[in-house]
$ cat structure.cif   # mmCIF, C-alpha atoms
data_my_file
#
loop_
_atom_site.group_PDB
_atom_site.id
_atom_site.type_symbol
_atom_site.label_atom_id
_atom_site.label_comp_id
_atom_site.auth_asym_id
_atom_site.auth_seq_id
_atom_site.Cartn_x
_atom_site.Cartn_y
_atom_site.Cartn_z
ATOM 1 C CA MET A 1 157.664 107.902 90.864
ATOM 2 C CA ASN A 2 155.658 110.225 93.104
ATOM 3 C CA LEU A 3 152.374 108.443 93.832
ATOM 4 C CA ARG A 4 150.963 111.217 96.003
ATOM 5 C CA PRO A 5 149.135 113.100 93.159
ATOM 6 C CA LEU A 6 147.630 109.844 91.908
ATOM 7 C CA LEU A 7 146.552 108.874 95.419
ATOM 8 C CA LEU A 8 144.942 112.263 95.983
ATOM 9 C CA ALA A 9 143.137 112.051 92.657
ATOM 10 C CA ALA A 10 141.835 108.604 93.523
ATOM 11 C CA LEU A 11 140.636 109.779 96.921
ATOM 12 C CA CYS A 12 138.864 112.780 95.365
ATOM 13 C CA ALA A 13 137.246 110.594 92.740
ATOM 14 C CA GLY A 14 136.065 108.228 95.467
ATOM 15 C CA SER A 15 134.601 111.129 97.448
ATOM 16 C CA ILE A 16 132.744 112.419 94.409
ATOM 17 C CA HIS A 17 131.412 108.951 93.649
ATOM 18 C CA SER A 18 130.218 108.553 97.244
ATOM 19 C CA ALA A 19 128.465 111.930 97.100
ATOM 20 C CA LEU A 20 126.727 111.048 93.855
ATOM 21 C CA ALA A 21 125.736 107.570 95.000
ATOM 22 C CA ALA A 22 123.070 108.846 97.370
ATOM 23 C CA THR A 23 121.077 106.414 99.470
ATOM 24 C CA PRO A 24 117.839 105.482 97.671
ATOM 25 C CA MET A 25 114.790 107.187 99.139
ATOM 26 C CA LYS A 26 112.419 105.274 101.406
ATOM 27 C CA LEU A 27 108.745 105.752 102.176
ATOM 28 C CA ASP A 28 109.457 108.096 105.098
ATOM 29 C CA ASP A 29 111.618 110.274 102.823
ATOM 30 C CA TYR A 30 108.775 110.465 100.324
ATOM 31 C CA LEU A 31 106.202 111.315 102.989
ATOM 32 C CA ALA A 32 108.428 114.201 104.127
ATOM 33 C CA LEU A 33 108.382 115.819 100.679
ATOM 34 C CA SER A 34 106.682 119.193 100.282
ATOM 35 C CA GLY A 35 106.759 122.191 97.999
ATOM 36 C CA PRO A 36 105.459 125.706 97.419
ATOM 37 C CA ALA A 37 101.834 126.716 97.810
ATOM 38 C CA PRO A 38 99.807 126.589 94.600
ATOM 39 C CA THR A 39 98.608 129.622 92.690
ATOM 40 C CA ALA A 40 95.027 128.439 93.212
ATOM 41 C CA ARG A 41 93.110 125.537 94.742
ATOM 42 C CA LEU A 42 89.989 124.651 92.730
ATOM 43 C CA PRO A 43 87.250 122.125 93.581
ATOM 44 C CA TYR A 44 85.773 119.897 90.888
ATOM 45 C CA GLY A 45 83.298 118.201 93.260
ATOM 46 C CA GLU A 46 81.816 118.417 96.726
ATOM 47 C CA ALA A 47 83.892 115.741 98.507
ATOM 48 C CA PRO A 48 86.951 116.921 100.489
ATOM 49 C CA SER A 49 89.311 115.101 98.106
ATOM 50 C CA GLN A 50 87.774 116.464 94.902
ATOM 51 C CA TYR A 51 90.039 119.359 94.025
ATOM 52 C CA ALA A 52 93.122 120.281 92.029
ATOM 53 C CA GLU A 53 95.932 122.756 92.540
ATOM 54 C CA LEU A 54 97.064 125.109 89.794
ATOM 55 C CA PHE A 55 100.692 126.234 89.677
ATOM 56 C CA LEU A 56 101.323 129.052 87.193
ATOM 57 C CA PRO A 57 104.854 130.100 86.188
ATOM 58 C CA THR A 58 105.822 133.757 85.981
ATOM 59 C CA GLY A 59 105.430 135.382 82.575
ATOM 60 C CA LYS A 60 102.701 135.759 80.008
ATOM 61 C CA GLY A 61 102.549 132.250 78.590
ATOM 62 C CA PRO A 62 100.853 130.370 77.108
ATOM 63 C CA PHE A 63 102.458 127.647 79.197
ATOM 64 C CA PRO A 64 102.741 123.933 78.533
ATOM 65 C CA VAL A 65 100.866 121.913 81.141
ATOM 66 C CA ALA A 66 101.823 118.952 83.309
ATOM 67 C CA VAL A 67 98.907 117.135 84.937
ATOM 68 C CA LEU A 68 100.238 115.458 88.100
ATOM 69 C CA VAL A 69 98.474 112.520 89.746
ATOM 70 C CA HIS A 70 99.957 111.186 92.976
ATOM 71 C CA GLY A 71 100.204 107.569 94.055
ATOM 72 C CA GLY A 72 99.763 105.909 97.424
ATOM 73 C CA CYS A 73 98.468 102.451 96.472
ATOM 74 C CA TRP A 74 95.014 103.899 95.738
ATOM 75 C CA THR A 75 94.521 104.587 99.478
ATOM 76 C CA SER A 76 94.786 107.633 101.756
ATOM 77 C CA LYS A 77 97.436 105.964 103.940
ATOM 78 C CA PHE A 78 100.548 106.886 101.990
ATOM 79 C CA GLY A 79 100.525 110.603 101.316
ATOM 80 C CA GLY A 80 99.040 112.370 98.342
ATOM 81 C CA ILE A 81 98.888 115.752 96.709
ATOM 82 C CA THR A 82 101.163 117.418 99.282
ATOM 83 C CA GLN A 83 104.156 115.303 98.294
ATOM 84 C CA LEU A 84 103.736 116.137 94.605
ATOM 85 C CA ARG A 85 104.059 119.853 95.349
ATOM 86 C CA ASN A 86 107.774 119.086 95.425
ATOM 87 C CA MET A 87 107.683 118.192 91.744
ATOM 88 C CA ALA A 88 105.091 120.864 90.943
ATOM 89 C CA GLY A 89 107.323 123.637 92.254
ATOM 90 C CA ALA A 90 110.297 122.380 90.246
ATOM 91 C CA LEU A 91 108.246 122.239 87.038
ATOM 92 C CA GLN A 92 106.774 125.679 87.710
ATOM 93 C CA GLU A 93 110.297 127.073 87.897
ATOM 94 C CA ARG A 94 110.954 125.598 84.446
ATOM 95 C CA GLY A 95 108.046 127.530 82.932
ATOM 96 C CA ILE A 96 105.613 124.605 83.004
ATOM 97 C CA ALA A 97 102.118 125.090 84.423
ATOM 98 C CA VAL A 98 101.021 122.300 86.747
ATOM 99 C CA TRP A 99 97.579 120.838 87.455
ATOM 100 C CA ASN A 100 98.118 118.801 90.642
ATOM 101 C CA VAL A 101 95.129 116.499 91.126
ATOM 102 C CA GLU A 102 93.673 115.132 94.362
ATOM 103 C CA TYR A 103 91.006 112.434 94.155
ATOM 104 C CA ARG A 104 88.840 110.034 96.142
ATOM 105 C CA ARG A 105 90.744 106.844 96.856
ATOM 106 C CA SER A 106 89.499 103.321 97.408
ATOM 107 C CA ASP A 107 89.230 103.767 101.191
ATOM 108 C CA GLU A 108 87.284 107.053 100.935
ATOM 109 C CA PRO A 109 83.514 107.433 100.448
ATOM 110 C CA GLY A 110 82.759 107.378 96.741
ATOM 111 C CA GLY A 111 86.263 106.225 95.790
ATOM 112 C CA GLY A 112 87.315 103.122 93.904
ATOM 113 C CA TYR A 113 85.175 102.089 90.942
ATOM 114 C CA PRO A 114 83.665 104.138 89.408
ATOM 115 C CA GLY A 115 84.337 107.194 91.616
ATOM 116 C CA THR A 116 88.114 107.487 91.304
ATOM 117 C CA TYR A 117 87.907 107.379 87.508
ATOM 118 C CA GLN A 118 85.020 109.855 87.466
ATOM 119 C CA ASP A 119 87.243 112.173 89.502
ATOM 120 C CA MET A 120 89.886 111.985 86.770
ATOM 121 C CA HIS A 121 87.237 112.949 84.207
ATOM 122 C CA ALA A 122 86.039 115.866 86.326
ATOM 123 C CA ALA A 123 89.553 117.115 87.051
ATOM 124 C CA LEU A 124 90.394 117.207 83.346
ATOM 125 C CA GLU A 125 87.098 118.887 82.499
ATOM 126 C CA LEU A 126 87.874 121.598 85.060
ATOM 127 C CA LEU A 127 91.360 121.977 83.582
ATOM 128 C CA ALA A 128 89.811 122.577 80.157
ATOM 129 C CA ALA A 129 87.615 125.279 81.680
ATOM 130 C CA GLN A 130 90.604 126.889 83.391
ATOM 131 C CA ALA A 131 92.438 127.070 80.060
ATOM 132 C CA LYS A 132 89.854 129.667 79.013
ATOM 133 C CA GLN A 133 90.804 131.852 81.989
ATOM 134 C CA HIS A 134 94.563 131.281 82.222
ATOM 135 C CA PRO A 135 97.366 131.093 79.623
ATOM 136 C CA LEU A 136 97.450 127.300 79.406
ATOM 137 C CA ASP A 137 98.389 125.508 76.196
ATOM 138 C CA LEU A 138 96.552 122.186 76.387
ATOM 139 C CA LYS A 139 97.965 121.109 73.033
ATOM 140 C CA ARG A 140 101.286 120.875 74.870
ATOM 141 C CA MET A 141 100.176 118.695 77.760
ATOM 142 C CA VAL A 142 101.619 115.691 79.532
ATOM 143 C CA ALA A 143 99.986 113.606 82.254
ATOM 144 C CA VAL A 144 102.514 112.503 84.877
ATOM 145 C CA GLY A 145 101.517 109.905 87.461
ATOM 146 C CA HIS A 146 103.385 108.066 90.182
ATOM 147 C CA SER A 147 102.624 104.471 91.193
ATOM 148 C CA ALA A 148 98.799 104.269 91.477
ATOM 149 C CA GLY A 149 98.769 107.672 89.784
ATOM 150 C CA GLY A 150 100.700 106.090 86.926
ATOM 151 C CA GLN A 151 97.797 103.705 86.411
ATOM 152 C CA LEU A 152 95.362 106.619 86.383
ATOM 153 C CA VAL A 153 97.272 108.766 83.867
ATOM 154 C CA GLN A 154 97.798 105.770 81.595
ATOM 155 C CA TRP A 155 94.046 105.174 81.811
ATOM 156 C CA MET A 156 93.417 108.844 80.926
ATOM 157 C CA ALA A 157 95.152 108.377 77.594
ATOM 158 C CA GLY A 158 92.718 105.632 76.568
ATOM 159 C CA ARG A 159 89.447 107.263 77.639
ATOM 160 C CA SER A 160 88.207 107.624 74.082
ATOM 161 C CA ARG A 161 88.162 103.806 73.773
ATOM 162 C CA ILE A 162 85.840 103.232 76.748
ATOM 163 C CA PRO A 163 82.564 101.597 75.604
ATOM 164 C CA ALA A 164 79.505 103.849 75.516
ATOM 165 C CA SER A 165 77.707 101.405 77.833
ATOM 166 C CA SER A 166 80.174 102.088 80.646
ATOM 167 C CA PRO A 167 79.502 104.589 83.476
ATOM 168 C CA LEU A 168 83.011 105.852 82.708
ATOM 169 C CA TYR A 169 82.194 106.786 79.134
ATOM 170 C CA ARG A 170 82.581 110.432 78.135
ATOM 171 C CA ALA A 171 81.959 111.821 74.671
ATOM 172 C CA ASN A 172 84.917 113.738 73.244
ATOM 173 C CA PRO A 173 87.186 113.682 76.313
ATOM 174 C CA LEU A 174 90.135 116.074 76.481
ATOM 175 C CA PRO A 175 92.970 114.355 74.585
ATOM 176 C CA VAL A 176 96.043 113.367 76.582
ATOM 177 C CA PRO A 177 98.782 113.195 73.938
ATOM 178 C CA SER A 178 101.672 112.242 76.218
ATOM 179 C CA VAL A 179 101.992 110.239 79.408
ATOM 180 C CA VAL A 180 104.882 109.803 81.832
ATOM 181 C CA SER A 181 104.258 106.919 84.219
ATOM 182 C CA LEU A 182 106.640 106.889 87.189
ATOM 183 C CA GLY A 183 106.653 103.379 88.605
ATOM 184 C CA GLY A 184 103.085 102.881 87.436
ATOM 185 C CA LEU A 185 100.998 99.740 87.940
ATOM 186 C CA ALA A 186 98.657 100.127 84.999
ATOM 187 C CA ASP A 187 97.906 96.612 83.747
ATOM 188 C CA LEU A 188 95.191 95.710 86.242
ATOM 189 C CA ARG A 189 94.466 92.322 84.662
ATOM 190 C CA ASN A 190 97.987 90.956 84.227
ATOM 191 C CA GLU A 191 99.571 92.602 87.264
ATOM 192 C CA ALA A 192 96.825 91.728 89.763
ATOM 193 C CA ALA A 193 99.158 89.546 91.854
ATOM 194 C CA LEU A 194 101.845 92.242 91.989
ATOM 195 C CA ILE A 195 99.305 94.922 92.902
ATOM 196 C CA LYS A 196 98.121 92.678 95.730
ATOM 197 C CA SER A 197 101.642 91.979 97.023
ATOM 198 C CA SER A 198 102.930 95.541 96.579
ATOM 199 C CA CYS A 199 99.862 97.497 97.676
ATOM 200 C CA GLY A 200 97.464 95.043 99.290
ATOM 201 C CA ARG A 201 94.740 96.010 96.830
ATOM 202 C CA ASP A 202 92.292 93.589 95.247
ATOM 203 C CA THR A 203 90.960 93.942 91.719
ATOM 204 C CA ALA A 204 87.453 94.642 93.016
ATOM 205 C CA GLU A 205 88.670 97.823 94.748
ATOM 206 C CA LEU A 206 90.149 99.205 91.527
ATOM 207 C CA ALA A 207 87.913 97.797 88.822
ATOM 208 C CA GLY A 208 84.657 96.881 90.524
ATOM 209 C CA THR A 209 82.950 93.493 90.574
ATOM 210 C CA PRO A 210 81.518 91.601 87.597
ATOM 211 C CA SER A 211 77.812 91.857 86.857
ATOM 212 C CA PRO A 212 75.485 90.678 84.074
ATOM 213 C CA THR A 213 75.785 94.090 82.403
ATOM 214 C CA ARG A 214 79.549 94.310 83.014
ATOM 215 C CA PRO A 215 80.997 90.800 83.017
ATOM 216 C CA ASP A 216 84.543 91.998 82.245
ATOM 217 C CA VAL A 217 85.616 94.578 84.847
ATOM 218 C CA PHE A 218 88.714 95.506 82.872
ATOM 219 C CA VAL A 219 86.910 96.687 79.751
ATOM 220 C CA ASP A 220 86.763 100.287 81.002
ATOM 221 C CA THR A 221 89.490 100.348 83.691
ATOM 222 C CA ASN A 222 92.552 98.599 82.313
ATOM 223 C CA ALA A 223 94.818 101.041 80.501
ATOM 224 C CA ALA A 224 96.661 98.131 78.926
ATOM 225 C CA GLU A 225 93.486 97.194 77.051
ATOM 226 C CA LEU A 226 92.461 100.728 76.045
ATOM 227 C CA MET A 227 95.016 100.724 73.263
ATOM 228 C CA PRO A 228 95.875 101.835 70.691
ATOM 229 C CA ASN A 229 94.999 105.318 71.879
ATOM 230 C CA GLY A 230 97.402 107.435 69.840
ATOM 231 C CA SER A 231 99.345 108.744 72.811
ATOM 232 C CA ARG A 232 103.037 108.354 73.525
ATOM 233 C CA THR A 233 104.003 106.846 76.873
ATOM 234 C CA TRP A 234 107.256 107.068 78.788
ATOM 235 C CA LEU A 235 107.552 104.392 81.475
ATOM 236 C CA VAL A 236 110.105 105.616 84.013
ATOM 237 C CA THR A 237 111.136 103.226 86.772
ATOM 238 C CA GLY A 238 113.873 103.130 89.368
ATOM 239 C CA GLU A 239 116.428 100.384 88.961
ATOM 240 C CA LEU A 240 115.777 99.433 92.600
ATOM 241 C CA ASP A 241 111.989 99.834 92.512
ATOM 242 C CA THR A 242 110.424 96.881 94.335
ATOM 243 C CA ILE A 243 106.824 98.168 94.162
ATOM 244 C CA SER A 244 106.753 98.351 90.372
ATOM 245 C CA PRO A 245 109.960 96.654 89.160
ATOM 246 C CA PRO A 246 111.532 97.482 85.786
ATOM 247 C CA ARG A 247 110.000 94.307 84.343
ATOM 248 C CA VAL A 248 106.555 95.920 84.635
ATOM 249 C CA ALA A 249 107.621 98.894 82.512
ATOM 250 C CA HIS A 250 109.162 96.669 79.829
ATOM 251 C CA ASP A 251 106.103 94.413 79.685
ATOM 252 C CA TYR A 252 103.692 97.335 79.341
ATOM 253 C CA ALA A 253 105.846 99.016 76.687
ATOM 254 C CA ALA A 254 105.945 95.817 74.651
ATOM 255 C CA ARG A 255 102.161 95.556 74.838
ATOM 256 C CA ALA A 256 101.717 99.199 73.818
ATOM 257 C CA ARG A 257 104.026 98.825 70.832
ATOM 258 C CA LYS A 258 102.263 95.647 69.735
ATOM 259 C CA ALA A 259 98.976 97.566 69.807
ATOM 260 C CA GLY A 260 100.489 100.327 67.658
ATOM 261 C CA ASP A 261 101.273 103.010 70.271
ATOM 262 C CA ALA A 262 104.670 104.554 70.987
ATOM 263 C CA ALA A 263 106.263 103.618 74.303
ATOM 264 C CA THR A 264 109.708 104.281 75.765
ATOM 265 C CA VAL A 265 111.220 102.718 78.881
ATOM 266 C CA VAL A 266 113.631 104.735 81.035
ATOM 267 C CA ILE A 267 115.378 103.017 83.956
ATOM 268 C CA LEU A 268 116.794 105.331 86.638
ATOM 269 C CA PRO A 269 120.141 103.987 87.932
ATOM 270 C CA GLY A 270 120.291 103.402 91.675
ATOM 271 C CA ALA A 271 116.797 104.810 92.213
ATOM 272 C CA SER A 272 113.963 103.480 94.347
ATOM 273 C CA HIS A 273 110.201 103.787 93.867
ATOM 274 C CA TYR A 274 110.306 107.108 95.730
ATOM 275 C CA ASP A 275 113.291 108.673 93.948
ATOM 276 C CA GLU A 276 111.137 108.628 90.804
ATOM 277 C CA VAL A 277 108.897 111.422 92.095
ATOM 278 C CA ALA A 278 111.227 113.694 94.097
ATOM 279 C CA ALA A 279 112.780 116.831 92.632
ATOM 280 C CA THR A 280 115.380 116.526 95.403
ATOM 281 C CA SER A 281 116.484 113.096 94.163
ATOM 282 C CA PRO A 282 119.639 112.474 92.073
ATOM 283 C CA ALA A 283 117.245 110.906 89.545
ATOM 284 C CA TRP A 284 115.318 114.160 89.034
ATOM 285 C CA PRO A 285 117.365 115.550 86.103
ATOM 286 C CA GLN A 286 116.594 112.411 84.119
ATOM 287 C CA VAL A 287 112.895 112.513 85.077
ATOM 288 C CA LEU A 288 112.735 116.202 84.141
ATOM 289 C CA GLU A 289 114.363 115.469 80.792
ATOM 290 C CA VAL A 290 111.630 112.917 80.047
ATOM 291 C CA ILE A 291 108.828 115.320 81.043
ATOM 292 C CA GLU A 292 110.246 118.089 78.870
ATOM 293 C CA ALA A 293 110.699 115.699 75.957
ATOM 294 C CA ALA A 294 107.055 114.660 76.352
ATOM 295 C CA LEU A 295 106.133 118.341 76.046
ATOM 296 C CA GLY A 296 108.259 118.743 72.945
ATOM 297 C CA ARG A 297 110.727 121.011 74.712
ATOM 298 C CA THR A 298 114.470 120.943 74.146
ATOM 299 C CA PRO A 299 116.711 120.857 77.242
ATOM 300 C CA ARG A 300 117.895 124.255 78.364
#
$ encode --input "structure.cif" --output "structure tokens"
Amino acid sequence: MNLRPLLLAALCAGSIHSALAATPMKLDDYLALSGPAPTARLPYGEAPSQYAELFLPTGKGPFPVAVLVHGGCWTSKFGGITQLRNMAGALQERGIAVWNVEYRRSDEPGGGYPGTYQDMHAALELLAAQAKQHPLDLKRMVAVGHSAGGQLVQWMAGRSRIPASSPLYRANPLPVPSVVSLGGLADLRNEAALIKSSCGRDTAELAGTPSPTRPDVFVDTNAAELMPNGSRTWLVTGELDTISPPRVAHDYAARARKAGDAATVVILPGASHYDEVAATSPAWPQVLEVIEAALGRTPR
């Protein structure tokens, strides 16, 4: 029996497997990410970090919209809006308009509670105004957040449940029908220890401190308690994510379903916390499939 063809086939298969089994991305790989320049850069406040970038696809539209919110452990130390241009450019090429949001973080003046959340409000209010000037279909909208940004987009979906006594209350906020949380850390109450160990952040930085008028700091900040909110959430996490392990996604999904909301967990094989957000990652096709499903689009 001539074993040479079988040996060659095995060697080729091994080479293909090695090529596909790319090394999981690290923080430095994430920080090196970049993408195309936006169509427009629009301020929603006076602080340097209060702006959003609009990416418009070619064509007449109206275009579905992906709101992107970057992570970085709620601080300015680990990148930001620049890295998400990588994803924004890839979505733009697929005919999806992108609203890439920058915001004041906990180590910036005005950031933390309530400023970071007020920035999310203002960014979405500006998006609604832009939809009157550009061909944006806000009925087909998904909010996509990575890590700390996952917490913020999951919070967006529950804004209508914030008590009227809260400084974060807004009447009739723009609905966020679908959310894709990429390695998000959204349950501020139950994941406080993990947030501390993964990001070095204390609850007070993200939710404020208790007071006689606000004894429970999670009542208006914890996405996990602003349910049911009627949205559908996809919790997408790398198999090798150590910042927000797969257990976090499963726990949040179970809580959402118990409250009456729809939630789906997607685990990315061989992916790290940073592969989740890179259009250059082997995990990207699966992430893209989730985003397009959240927009009601069929794969093309």
$ residues_around --input "structure.cif" --residues "Ala279 in chain A" --least-positions-apart "4" --cutoff "8 Å" --atoms "only C-alpha atoms" --output "list in words"
Asn86, Met87, Ala90 and Trp284 of chain A
$ closest_residue --input "structure.cif" --among "A:Gln92, A:Ser198, A:Ser178, A:Ser165" --to "Leu54 in chain A" --atoms "all atoms listed in the file"
A:Gln92
$ closest_atom_pairs --input "structure.cif" --of "range 223-289 of chain A" --to "range 68-73 of chain A" --cutoff "12 Å" --atoms "only C-alpha atoms" --output "Markdown table"
| residue | atom | partner | partner_atom | distance |
| --- | --- | --- | --- | --- |
| A:Ile243 | CA | A:Cys73 | CA | 9.7 |
| A:Ser244 | CA | A:Cys73 | CA | 11.1 |
| A:His273 | CA | A:Gly71 | CA | 10.7 |
| A:Tyr274 | CA | A:Gly71 | CA | 10.3 |
| A:Glu276 | CA | A:Gly71 | CA | 11.5 |
| A:Val277 | CA | A:His70 | CA | 9.0 |
| A:Ala278 | CA | A:His70 | CA | 11.6 |
$ write_last_selection --input "structure.cif" --atoms "C-alpha atoms" --output "PDB file, in the coordinates of the input"
ATOM      1  CA  ILE A 243     106.824  98.168  94.162  1.00  0.00           C
ATOM      2  CA  SER A 244     106.753  98.351  90.372  1.00  0.00           C
ATOM      3  CA  HIS A 273     110.201 103.787  93.867  1.00  0.00           C
ATOM      4  CA  TYR A 274     110.306 107.108  95.730  1.00  0.00           C
ATOM      5  CA  GLU A 276     111.137 108.628  90.804  1.00  0.00           C
ATOM      6  CA  VAL A 277     108.897 111.422  92.095  1.00  0.00           C
ATOM      7  CA  ALA A 278     111.227 113.694  94.097  1.00  0.00           C
TER       8      ALA A 278
END
$ closest_residue --input "structure.cif" --among "A:Leu188, A:Leu240, A:Ala129, A:Leu206" --to "Asp107 in chain A" --atoms "only C-alpha atoms"
A:Leu206
$ resolve_selection --input "structure.cif" --expression "the PyMOL selection byres ((chain A and resi 82) around 12)" --output "PyMOL selection string"
chain A and resi 30-38+52-53+68-72+76+78-81+83-89+100-102+278
$ closest_residue --input "structure.cif" --among "A:Pro269, A:Gly95, A:Gly200, A:Pro48" --to "Glu108 in chain A" --atoms "all atoms listed in the file"
A:Pro48
$ closest_residue --input "structure.cif" --among "A:Arg94, A:Arg161, A:Arg189, A:Arg232" --to "Val176 in chain A" --atoms "all atoms listed in the file"
A:Arg232
$ closest_residue --input "structure.cif" --among "A:Lys26, A:His250, A:Arg170, A:Arg255" --to "Ser281 in chain A" --atoms "only C-alpha atoms"
A:Lys26
$ residues_around --input "structure.cif" --residues "Val144 in chain A" --least-positions-apart "5" --cutoff "7 Å" --atoms "all atoms listed in the file" --output "PyMOL selection string"
chain A and resi 66-69+150+153+179-181
$ closest_residue --input "structure.cif" --among "A:Leu235, A:Leu226, A:Ala148, A:Ala164" --to "Cys199 in chain A" --atoms "all atoms listed in the file"
A:Ala148
$ residues_around --input "structure.cif" --residues "His121 in chain A" --least-positions-apart "2" --cutoff "10 Å" --atoms "all atoms listed in the file" --output "number ranges by chain"
A: 44, 115-119, 123-127, 156, 159, 168-170, 173-174
$ decode --input "structure.cif" --residues "range 168-182 of chain A" --atoms "N, CA and C atoms" --output "PDB file, in the first residue's frame"
ATOM      1  N   LEU A 168     -30.449  59.713  36.507  1.00  0.00           N
ATOM      2  CA  LEU A 168     -30.292  59.045  35.212  1.00  0.00           C
ATOM      3  C   LEU A 168     -31.623  58.836  34.495  1.00  0.00           C
ATOM      4  N   TYR A 169     -32.689  59.252  35.102  1.00  0.00           N
ATOM      5  CA  TYR A 169     -34.003  59.076  34.474  1.00  0.00           C
ATOM      6  C   TYR A 169     -34.145  59.955  33.235  1.00  0.00           C
ATOM      7  N   ARG A 170     -34.714  59.374  32.179  1.00  0.00           N
ATOM      8  CA  ARG A 170     -35.095  60.118  30.986  1.00  0.00           C
ATOM      9  C   ARG A 170     -36.484  59.651  30.562  1.00  0.00           C
ATOM     10  N   ALA A 171     -37.342  60.593  30.250  1.00  0.00           N
ATOM     11  CA  ALA A 171     -38.674  60.227  29.764  1.00  0.00           C
ATOM     12  C   ALA A 171     -38.573  59.802  28.307  1.00  0.00           C
ATOM     13  N   ASN A 172     -39.193  58.693  27.979  1.00  0.00           N
ATOM     14  CA  ASN A 172     -39.268  58.198  26.603  1.00  0.00           C
ATOM     15  C   ASN A 172     -37.898  58.100  25.922  1.00  0.00           C
ATOM     16  N   PRO A 173     -36.964  57.343  26.499  1.00  0.00           N
ATOM     17  CA  PRO A 173     -35.658  57.201  25.862  1.00  0.00           C
ATOM     18  C   PRO A 173     -35.760  56.405  24.558  1.00  0.00           C
ATOM     19  N   LEU A 174     -34.809  56.623  23.668  1.00  0.00           N
ATOM     20  CA  LEU A 174     -34.773  55.879  22.410  1.00  0.00           C
ATOM     21  C   LEU A 174     -34.683  54.384  22.710  1.00  0.00           C
ATOM     22  N   PRO A 175     -35.628  53.586  22.207  1.00  0.00           N
ATOM     23  CA  PRO A 175     -35.590  52.148  22.491  1.00  0.00           C
ATOM     24  C   PRO A 175     -34.353  51.488  21.879  1.00  0.00           C
ATOM     25  N   VAL A 176     -33.808  50.535  22.605  1.00  0.00           N
ATOM     26  CA  VAL A 176     -32.688  49.729  22.122  1.00  0.00           C
ATOM     27  C   VAL A 176     -33.196  48.289  22.056  1.00  0.00           C
ATOM     28  N   PRO A 177     -33.677  47.859  20.896  1.00  0.00           N
ATOM     29  CA  PRO A 177     -34.355  46.561  20.817  1.00  0.00           C
ATOM     30  C   PRO A 177     -33.440  45.355  20.926  1.00  0.00           C
ATOM     31  N   SER A 178     -32.166  45.533  20.533  1.00  0.00           N
ATOM     32  CA  SER A 178     -31.243  44.397  20.524  1.00  0.00           C
ATOM     33  C   SER A 178     -29.888  44.819  21.066  1.00  0.00           C
ATOM     34  N   VAL A 179     -29.270  43.913  21.793  1.00  0.00           N
ATOM     35  CA  VAL A 179     -27.971  44.177  22.407  1.00  0.00           C
ATOM     36  C   VAL A 179     -27.041  43.002  22.139  1.00  0.00           C
ATOM     37  N   VAL A 180     -25.802  43.310  21.763  1.00  0.00           N
ATOM     38  CA  VAL A 180     -24.759  42.292  21.668  1.00  0.00           C
ATOM     39  C   VAL A 180     -23.653  42.706  22.632  1.00  0.00           C
ATOM     40  N   SER A 181     -23.484  41.932  23.677  1.00  0.00           N
ATOM     41  CA  SER A 181     -22.475  42.216  24.698  1.00  0.00           C
ATOM     42  C   SER A 181     -21.287  41.285  24.484  1.00  0.00           C
ATOM     43  N   LEU A 182     -20.140  41.871  24.150  1.00  0.00           N
ATOM     44  CA  LEU A 182     -18.927  41.107  23.874  1.00  0.00           C
ATOM     45  C   LEU A 182     -18.057  41.096  25.138  1.00  0.00           C
TER      46      LEU A 182
END
